[in-house]
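Participant: This is the structure I have questions about; it appears just below.
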Amino acid sequence: MIPSRYYRYACLVTAAANGGGNLFLLVFYRPLFELLGISQPVDLHYFVWMAGLSFTNGVLALLVFMDPEGSRSLLKVGIVGKGIFGLTTIHFYVAGDIHWFFLLFGIWDAIFAVIFWLYLMQLQAPDLSEILSGSIRGGDGSRGKAAILYFSLTGTGRGGVDSVRDGLESKGYTVDTIQIKPVETGLFRFPFGSALDFVRIGARAVLRVRAKIEPPDLPAAHDYDLIVVGSQTWFVGMSAPIEEVFMDPANHPFFRGRDAAVFVVCRGLWRRSQAMLIRHLEGAGASLVGARAYTHTGREPSRLFSLVAYLAYGETGRPAFLKWFLQPRYGLSEADLDELRRFGAALAER
């Protein structure tokens, strides 16, 4: 977890940049534009209005810095405002309609839209800081039997499940794995039947469309003292089949009063999906004792292109002409799988 104070002072930085930068621009735009070879504003009223709007974003950021807890709604406004400004500026630069000087403003705002978003997530769930830092909380004292719930579209999640199970069993636990099964088997399968299937799943994930699942065997009366739930990140949210488990109140008694842990495997941007999963568990009455997240091998942008290529072709190394750029392995590294085994062992000794 990035400490909250860093996000707070980042707000102060963009407040100074938006406020002071736009005041400077309004006073010295003529000589500055001449120096950089930028055409003078044709519509001065519009130019002043845009600079004033950007200055207002700086005031917004200053208010967040001064009172973070009371400014969560302002952060949402800042995310939308900076996100729109950043994306449209980049678009018009690519289209050749604006000077590179203005692109700097767009990149700055796009970066701070992400920073605001991460800060908002942290402010909305300050109690998760401890658990996301890697600690294992003490449980209720029970030891012996665990259940691991999971859904894995491509098999990456299954590898994580096996590693956590190995770690638990190494400390004497008996472990049952419970696979969540979607009803729409023609859609939720891999390799995909067509490229349209991936587009449909992606669109549904963005719109948070529910996925029907076969009723899982989650009795209210059971002898599991630990429940582990594994999920993936689907477009900055938890996977739809796993979320559907918690959407049915009839499944909540299975989790109520039990120690629970979560792990997320994904390409990146796991914070929101993990927070969603944790909140669902707590809403069902479970007591959270541990949480982890692991990302696919490689660095961006190679990791992103490797994921897209793997989903498109159903195997690594394709297309062949990009083999030099793509990651030779899809999913988690051996080091991450070892970390998951240690996570399972730590849960057993909580």
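Just so we're on the same page: first chain in the structure tokens is A, next is B, and so on; residues restart at 1 for each chain, and ligands are numbered from 1 in the order they show up.
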Check which residues of region 148-267 of chain A sit at most 10 Å from region 271-285 of chain A using only C-alpha atoms, and return one row each with the closest pair of atoms and their distance in Å to one decimal, ordered by chain and rising number, as CSV.
Facilitator:
```
residue,atom,partner,partner_atom,distance
A:Ile227,CA,A:Leu281,CA,9.8
A:Val229,CA,A:Leu277,CA,8.3
A:Gly230,CA,A:Leu277,CA,9.0
A:Ser231,CA,A:Leu277,CA,8.0
A:Gln232,CA,A:Ser273,CA,7.6
A:Thr233,CA,A:Ser273,CA,5.8
A:Trp234,CA,A:Ser273,CA,8.0
A:Phe235,CA,A:Ser273,CA,9.0
A:Val236,CA,A:Ser273,CA,6.1
A:Gly237,CA,A:Ser273,CA,4.3
A:Met238,CA,A:Ser273,CA,4.4
A:Ser239,CA,A:Ser273,CA,8.0
A:Ile242,CA,A:Leu277,CA,8.6
A:Glu243,CA,A:Leu277,CA,7.5
A:Val245,CA,A:His280,CA,9.4
A:Phe246,CA,A:His280,CA,6.3
A:Met247,CA,A:His280,CA,8.6
A:Pro249,CA,A:Ala284,CA,8.0
A:Ala250,CA,A:Ala284,CA,10.0
A:Asn251,CA,A:Ala284,CA,8.2
A:His252,CA,A:Ala284,CA,4.8
A:Pro253,CA,A:Ala284,CA,7.2
A:Phe254,CA,A:Ala284,CA,8.4
A:Phe255,CA,A:Ala284,CA,6.1
A:Arg256,CA,A:Gly285,CA,4.1
A:Gly257,CA,A:Gly285,CA,5.8
A:Arg258,CA,A:Gly285,CA,7.7
A:Asp259,CA,A:Gly285,CA,9.6
A:Ala260,CA,A:Leu281,CA,7.5
A:Ala261,CA,A:Ile278,CA,8.2
A:Val262,CA,A:Ile278,CA,7.2
A:Phe263,CA,A:Gln274,CA,7.5
A:Val264,CA,A:Gln274,CA,6.4
A:Val265,CA,A:Gln274,CA,9.6
A:Cys266,CA,A:Ser273,CA,9.7
```
Participant: Enumerate as a ChimeraX atom specification all residues of region 244-278 of chain A assigned to strand (DSSP E) by DSSP on the backbone, naming them with the chain letters and numbers the document uses.
Facilitator: /A:259-266
Participant: Output C-alpha atoms for every residue in the selection just made, as a tab-separated table (two decimals), in the first residue's frame.
Facilitator:
```tsv
chain	number	residue	atom	x	y	z
A	259	ASP	CA	-12.28	-16.87	9.05
A	260	ALA	CA	-11.82	-15.88	5.41
A	261	ALA	CA	-8.95	-14.95	3.12
A	262	VAL	CA	-8.77	-13.78	-0.48
A	263	PHE	CA	-6.27	-13.78	-3.31
A	264	VAL	CA	-6.51	-12.10	-6.69
A	265	VAL	CA	-4.55	-12.96	-9.82
A	266	CYS	CA	-4.56	-10.55	-12.74
```
Participant: Can you tell me, as a PyMOL selection string, what residues are no more than 10 Å from Ser39 (chain A) when counting only C-alpha atoms, ignoring any on the same chain fewer than 3 positions away?
Facilitator: chain A and resi 30+33-34+36+42+99
Participant: Could you give me the residues within region 105-271 of chain A that DSSP places in helix (DSSP H, G or I), as a ChimeraX atom specification?
Facilitator: /A:105-124,126-132,156-170,195-206,240-247,249-255,271
Participant: Measure the distance from CA of Val164 (chain A) to CA of Glu244 (chain A) in Å and round it to one decimal.
Facilitator: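 So the answer is 22.5 Å.
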Participant: Just to confirm, what's the straight-line distance from CA of Arg72 (chain A) to CA of Ala15 (chain A) in Å (one decimal)?
Facilitator: 16.0 Å
